[in-house]
$ cat start.txt   # compact mmCIF, C-alpha atoms
# COMPACT_ATOMS: atom_id res chain seq x y z
CA MET A 1 -23.44 -26.17 33.25
CA LYS A 2 -20.42 -27.49 31.36
CA PRO A 3 -16.98 -26.11 32.17
CA LEU A 4 -16.20 -22.89 30.29
CA VAL A 5 -12.84 -22.67 28.51
CA ILE A 6 -11.92 -19.14 27.47
CA PHE A 7 -9.10 -18.50 24.99
CA THR A 8 -7.71 -14.99 25.49
CA THR A 9 -4.63 -12.99 26.49
CA PHE A 10 -3.06 -12.74 29.95
CA PHE A 11 -3.98 -9.09 30.39
CA ASP A 12 -7.53 -9.52 29.15
CA ALA A 13 -8.07 -12.49 31.50
CA ASN A 14 -6.73 -10.34 34.33
CA TRP A 15 -9.28 -7.63 33.49
CA ILE A 16 -12.19 -10.06 33.16
CA ILE A 17 -11.38 -11.64 36.53
CA GLY A 18 -11.39 -8.17 38.06
CA GLN A 19 -14.99 -7.70 36.84
CA ASN A 20 -16.12 -10.94 38.60
CA LYS A 21 -18.82 -11.50 35.94
CA PHE A 22 -19.14 -11.79 32.19
CA VAL A 23 -21.72 -12.54 29.52
CA ALA A 24 -21.20 -15.51 27.20
CA ASP A 25 -23.11 -17.46 24.58
CA THR A 26 -23.17 -20.95 26.12
CA SER A 27 -25.15 -24.16 25.64
CA LEU A 28 -27.83 -22.56 27.84
CA GLY A 29 -28.06 -19.55 25.55
CA ILE A 30 -26.95 -16.05 26.56
CA THR A 31 -25.61 -16.55 30.06
CA LEU A 32 -24.51 -14.24 32.87
CA VAL A 33 -21.56 -16.08 34.44
CA LYS A 34 -20.28 -15.29 37.92
CA LEU A 35 -16.58 -15.98 38.36
CA SER A 36 -16.87 -17.83 41.64
CA LYS A 37 -14.49 -20.59 40.52
CA TYR A 38 -11.79 -20.18 37.90
CA LYS A 39 -8.30 -21.36 36.96
CA VAL A 40 -5.72 -19.65 34.79
CA PHE A 41 -3.29 -21.46 32.49
CA SER A 42 -0.55 -20.26 30.19
CA ILE A 43 -0.31 -21.88 26.76
CA ALA A 44 2.60 -19.63 25.73
CA CYS A 45 6.38 -20.05 25.77
CA ARG A 46 6.50 -17.62 28.68
CA HIS A 47 4.06 -15.46 30.64
CA PRO A 48 4.11 -12.02 32.29
CA SER A 49 5.10 -11.64 35.91
CA LEU A 50 2.09 -12.02 38.20
CA SER A 51 3.07 -8.66 39.69
CA LYS A 52 1.69 -7.17 36.45
CA LEU A 53 -1.51 -9.24 36.67
CA HIS A 54 -2.95 -8.07 39.96
CA ASN A 55 -6.14 -10.16 39.76
CA ILE A 56 -4.38 -13.43 38.92
CA LYS A 57 -2.93 -15.03 42.04
CA HIS A 58 -1.87 -18.33 40.50
CA MET A 59 -1.11 -19.58 37.00
CA GLU A 60 -0.14 -23.01 35.68
CA LEU A 61 1.71 -23.84 32.47
CA LEU A 62 0.23 -26.21 29.89
CA SER A 63 3.57 -26.87 28.24
CA PHE A 64 2.11 -29.32 25.70
CA LEU A 65 0.07 -26.45 24.17
CA ALA A 66 2.94 -23.95 24.07
CA PRO A 67 4.58 -23.56 20.64
CA GLU A 68 8.32 -23.86 20.23
CA TYR A 69 10.06 -20.52 20.63
CA LYS A 70 11.78 -20.88 17.23
CA TRP A 71 8.40 -21.08 15.48
CA VAL A 72 7.24 -17.86 17.14
CA HIS A 73 10.55 -16.17 16.31
CA ASP A 74 10.35 -17.25 12.65
CA TYR A 75 6.74 -16.10 12.32
CA HIS A 76 7.48 -12.64 13.71
CA ILE A 77 10.18 -12.28 11.05
CA ASP A 78 8.55 -13.74 7.93
CA ASN A 79 4.81 -13.63 8.83
CA ASP A 80 4.41 -17.05 7.24
CA TRP A 81 1.27 -18.13 9.08
CA GLU A 82 0.76 -21.16 6.85
CA ARG A 83 4.12 -22.64 7.90
CA TYR A 84 3.47 -21.80 11.55
CA THR A 85 0.05 -23.48 11.33
CA LYS A 86 1.47 -26.68 9.85
CA ARG A 87 4.12 -26.85 12.58
CA TYR A 88 1.64 -26.26 15.38
CA ILE A 89 -1.03 -28.65 14.09
CA SER A 90 1.65 -31.36 13.89
CA GLN A 91 2.35 -30.65 17.56
CA LEU A 92 -1.36 -30.87 18.45
CA ARG A 93 -1.54 -34.30 16.82
CA ARG A 94 1.44 -35.47 18.89
CA VAL A 95 -0.05 -34.24 22.19
CA LYS A 96 -3.67 -35.23 21.51
CA LYS A 97 -3.66 -37.67 24.44
CA GLN A 98 -2.54 -34.92 26.85
CA VAL A 99 -5.16 -32.50 25.53
CA VAL A 100 -7.95 -35.07 25.97
CA GLU A 101 -6.72 -35.92 29.47
CA PHE A 102 -6.68 -32.24 30.45
CA LEU A 103 -10.22 -31.69 29.14
CA ASP A 104 -11.46 -34.90 30.78
CA ASN A 105 -10.46 -33.48 34.16
CA LEU A 106 -12.29 -30.16 33.82
CA GLN A 107 -14.85 -29.50 36.55
CA ASP A 108 -18.39 -28.28 36.00
CA ASP A 109 -19.12 -24.64 36.94
CA VAL A 110 -15.43 -23.74 36.73
CA VAL A 111 -14.13 -21.17 34.23
CA TYR A 112 -10.77 -22.01 32.67
CA PHE A 113 -8.67 -19.28 31.08
CA LEU A 114 -6.14 -20.50 28.48
CA CYS A 115 -3.90 -17.51 27.90
CA CYS A 116 -1.21 -16.28 25.58
CA TRP A 117 0.00 -12.89 24.28
CA GLU A 118 -1.45 -11.89 20.93
CA ASP A 119 -4.31 -9.37 20.80
CA THR A 120 -5.94 -10.52 17.54
CA THR A 121 -7.56 -7.13 16.93
CA LYS A 122 -4.00 -5.97 16.15
CA GLN A 123 -2.11 -9.12 15.19
CA PRO A 124 -4.42 -11.23 13.00
CA HIS A 125 -3.14 -14.64 14.10
CA CYS A 126 -2.43 -16.54 17.30
CA HIS A 127 -1.93 -20.22 18.05
CA ARG A 128 -4.81 -20.14 20.56
CA GLN A 129 -7.08 -19.81 17.51
CA LEU A 130 -5.72 -23.14 16.30
CA VAL A 131 -6.39 -24.78 19.69
CA PHE A 132 -9.89 -23.28 19.80
CA ASP A 133 -10.69 -24.47 16.25
CA ALA A 134 -9.32 -27.93 17.06
CA CYS A 135 -11.48 -28.23 20.18
CA ILE A 136 -14.77 -27.16 18.61
CA GLY A 137 -14.09 -29.26 15.52
CA SER A 138 -13.10 -32.45 17.32
CA ALA A 139 -15.60 -35.28 17.72
CA THR A 140 -13.59 -36.39 20.76
CA VAL A 141 -13.57 -33.19 22.85
CA ALA A 142 -16.17 -30.81 21.35
CA ASP A 143 -18.77 -31.75 23.99
CA LYS A 144 -16.44 -31.73 26.99
CA ALA A 145 -16.73 -27.97 27.55
CA CYS A 146 -18.15 -24.72 26.23
CA TYR A 147 -15.27 -23.15 24.28
CA ILE A 148 -15.20 -19.36 23.96
CA TYR A 149 -12.75 -17.36 21.85
CA ARG A 150 -11.96 -13.76 22.76
CA ASP A 151 -9.80 -11.46 20.69
CA GLY A 152 -7.79 -10.66 23.80
CA ALA A 153 -8.02 -6.87 23.76
CA GLN A 154 -7.47 -5.53 27.25
CA ALA A 155 -10.35 -3.36 28.48
CA PRO A 156 -12.20 -1.68 26.94
CA GLY A 157 -11.89 -4.11 24.00
CA LYS A 158 -14.97 -6.07 22.99
CA ARG A 159 -17.35 -5.98 25.90
CA SER A 160 -21.01 -5.73 26.82
CA SER A 161 -22.67 -3.30 29.19
CA VAL A 162 -25.81 -4.74 30.76
CA HIS A 163 -28.27 -2.15 32.05
CA LEU A 164 -31.11 -3.36 34.24
CA SER A 165 -34.56 -1.79 34.46
CA GLU A 166 -34.36 0.76 37.30
CA SER A 167 -38.06 0.33 38.20
CA ILE A 168 -37.49 -3.23 39.39
CA TRP A 169 -34.04 -3.01 40.98
CA GLY A 170 -34.08 -5.04 44.16
CA ALA A 171 -36.69 -7.46 42.86
CA ILE A 172 -34.00 -9.71 41.42
CA ASP A 173 -30.79 -11.06 42.94
CA GLN A 174 -29.12 -8.01 44.48
CA GLU A 175 -25.71 -8.97 43.15
CA ILE A 176 -27.10 -8.97 39.62
CA ALA A 177 -29.29 -5.90 40.10
CA ASN A 178 -26.33 -3.80 41.24
CA MET A 179 -24.20 -4.81 38.26
CA LYS A 180 -23.09 -1.91 36.09
CA ALA A 181 -21.12 -3.66 33.35
CA VAL A 182 -19.64 -7.05 32.56
CA ALA A 183 -16.99 -8.28 30.16
CA GLN A 184 -18.30 -9.91 27.00
CA VAL A 185 -16.18 -12.88 26.08
CA GLN A 186 -18.18 -14.33 23.20
CA TYR A 187 -16.23 -13.98 19.95
CA MET A 188 -18.39 -11.83 17.72
CA VAL A 189 -18.36 -12.47 14.00
CA PRO A 190 -18.80 -9.08 12.23
CA GLY A 191 -22.48 -8.57 11.52
CA ASP A 192 -23.56 -11.54 13.64
CA ASN A 193 -25.80 -10.19 16.40
CA ILE A 194 -26.36 -12.90 19.01
CA TYR A 195 -28.02 -10.35 21.29
CA LYS A 196 -31.39 -10.06 19.59
CA GLU A 197 -34.43 -8.40 21.16
CA GLY A 198 -36.58 -10.80 23.17
CA LEU A 199 -33.92 -13.45 23.71
CA PRO A 200 -33.71 -14.73 27.30
CA VAL A 201 -30.65 -14.28 29.51
CA HIS A 202 -29.85 -17.13 31.91
CA ASP A 203 -27.79 -17.58 35.02
CA GLN A 204 -25.36 -20.48 35.38
CA ASP A 205 -28.09 -22.75 36.76
CA GLY A 206 -30.17 -22.27 33.64
CA ARG A 207 -32.74 -19.95 35.25
CA ILE A 208 -33.97 -17.07 33.10
CA ILE A 209 -33.11 -13.76 34.81
CA GLY A 210 -34.47 -11.47 32.11
CA GLU A 211 -34.78 -10.88 28.39
CA ILE A 212 -33.07 -8.50 26.01
CA ALA A 213 -35.15 -5.38 25.49
CA SER A 214 -32.76 -3.62 23.12
CA THR A 215 -29.19 -3.75 21.83
CA GLN A 216 -26.90 -0.96 20.66
CA PHE A 217 -23.57 -1.35 18.87
CA GLU A 218 -20.79 1.20 18.85
CA LYS A 219 -17.71 0.78 16.67
CA VAL A 220 -14.46 1.83 18.35
CA ARG A 221 -11.68 1.38 15.78
CA ASN A 222 -11.71 -2.36 15.04
CA ARG A 223 -13.62 -3.28 18.20
CA THR A 224 -17.28 -3.36 19.10
CA LEU A 225 -18.97 -2.07 22.25
CA VAL A 226 -22.31 -3.77 22.85
CA THR A 227 -24.87 -2.21 25.21
CA ILE A 228 -27.78 -4.39 26.28
CA GLN A 229 -30.99 -3.24 27.95
CA LEU A 230 -32.09 -6.18 30.09
CA ASP A 231 -35.81 -6.34 30.94
CA GLN A 232 -36.45 -8.26 34.16
CA SER A 233 -40.10 -7.31 34.68
CA LYS A 234 -41.46 -10.82 33.99
CA GLU A 235 -38.97 -12.39 36.39
CA ALA A 236 -39.76 -9.76 39.03
CA LYS A 237 -43.47 -10.62 38.74
CA LYS A 238 -42.72 -14.35 39.14
CA ILE A 239 -40.64 -13.68 42.24
CA ALA A 240 -43.39 -11.50 43.70
CA GLU A 241 -45.88 -14.33 43.16
CA GLN A 242 -43.55 -16.81 44.85
CA LEU A 243 -43.14 -14.54 47.87
CA LYS A 244 -46.90 -14.41 48.53
CA GLU A 245 -48.18 -16.31 51.55
CA PRO A 246 -48.48 -19.98 50.49
CA LYS A 247 -51.84 -21.69 50.48
CA HIS A 248 -52.31 -24.33 53.15
CA VAL A 249 -53.07 -27.73 51.66
CA SER A 250 -54.39 -30.63 53.70
CA ILE A 251 -52.43 -33.81 52.96
CA SER A 252 -53.63 -37.25 53.94
CA THR A 253 -50.99 -39.32 55.78
CA LYS A 254 -52.77 -42.58 55.13
CA GLY A 255 -50.47 -45.14 53.59
CA LEU A 256 -47.30 -43.08 54.09
CA TRP A 257 -44.20 -44.74 55.58
CA PHE A 258 -41.69 -42.83 57.69
$ encode --input "start.txt" --output "structure tokens"
Amino acid sequence: MKPLVIFTTFFDANWIIGQNKFVADTSLGITLVKLSKYKVFSIACRHPSLSKLHNIKHMELLSFLAPEYKWVHDYHIDNDWERYTKRYISQLRRVKKQVVEFLDNLQDDVVYFLCCWEDTTKQPHCHRQLVFDACIGSATVADKACYIYRDGAQAPGKRSSVHLSESIWGAIDQEIANMKAVAQVQYMVPGDNIYKEGLPVHDQDGRIIGEIASTQFEKVRNRTLVTIQLDQSKEAKKIAEQLKEPKHVSISTKGLWF
């Protein structure tokens, strides 16, 4: 699978990492991602002390994506997002070579967190939105990774609970079967339900681990809690068939070279 680049806040990334898993809408479709390999980067002028981010052991600064402090200061005073946007896009044009080089060096099956401060459920704008939009809209880098925007709300925030069918627990990967809930990092457009009944759910290797049996939405202020019922009965049946004693087939060795 392509590298995953998640745009969120420091504290939300810290919470997601603590969950070890999350659900995302990737090039494979709806995917259950295990955080076996990940890297955390700051794209802000400064970042919180790691003593406040207990799940993040190491963080690197992408200084070429950090806005100038004066721009942030001005925006917090006058709320002129249009001026801030023009300033930041000019910066992105200047550092395009560095952005492309960074994305060229991403590794498959690694999750990259690009973090800053603003929870966009409260503050409507953040420069990580501009980076995200630039990446998905660029002919040069759009295909280099799967880019995921998250509003950055610390837990509970926008998330998905994935409930597995109790009757077949143990028939599927134990680590998945014992999962209670995972963070949902796919940016959800209001009214856009990507979790439709019958859609398959994949693992990172592209294998189908189940299909969505039902979806429930619960509005909590300006956030959405999504609960998914994941039906794994078909996959359990396939696994049971694979575990049956294999048939013995006689193979002719004539003409084979060893």
$ closest_residue --input "start.txt" --among "A:Leu65, A:Ala134, A:Leu32, A:Val40" --to "Thr9 in chain A" --atoms "only C-alpha atoms"
A:Val40
$ residues_around --input "start.txt" --residues "range 123-130 of chain A" --least-positions-apart "2" --cutoff "9 Å" --atoms "only C-alpha atoms" --output "ChimeraX atom specification"
/A:7-8,43-44,65-67,81,84-85,88-89,114-121,132-135,149
$ residues_around --input "start.txt" --residues "Asn105 in chain A" --least-positions-apart "5" --cutoff "12 Å" --atoms "all atoms listed in the file" --output "ChimeraX atom specification"
/A:2-3,98-100,110,112,141,144-145
$ closest_residue --input "start.txt" --among "A:Gln107, A:Phe113, A:Val201, A:Asp80" --to "Trp15 in chain A" --atoms "all atoms listed in the file"
A:Phe113
$ atom_distance --input "start.txt" --atom1 "CA of Arg207 in chain A" --atom2 "CA of Lys34 in chain A"
13.6 Å
$ closest_residue --input "start.txt" --among "A:Lys122, A:Arg93, A:Lys21, A:Lys196" --to "Asp151 in chain A" --atoms "all atoms listed in the file"
A:Lys122
$ atom_distance --input "start.txt" --atom1 "CA of Ile77 in chain A" --atom2 "CA of Ala13 in chain A"
27.4 Å
$ atom_distance --input "start.txt" --atom1 "CA of Gly137 in chain A" --atom2 "CA of Lys96 in chain A"
13.4 Å
$ closest_residue --input "start.txt" --among "A:Lys97, A:Arg150, A:Lys39, A:His202" --to "Ile56 in chain A" --atoms "all atoms listed in the file"
A:Lys39
$ closest_residue --input "start.txt" --among "A:His76, A:Pro200, A:Ser36, A:Tyr195" --to "Val111 in chain A" --atoms "all atoms listed in the file"
A:Ser36
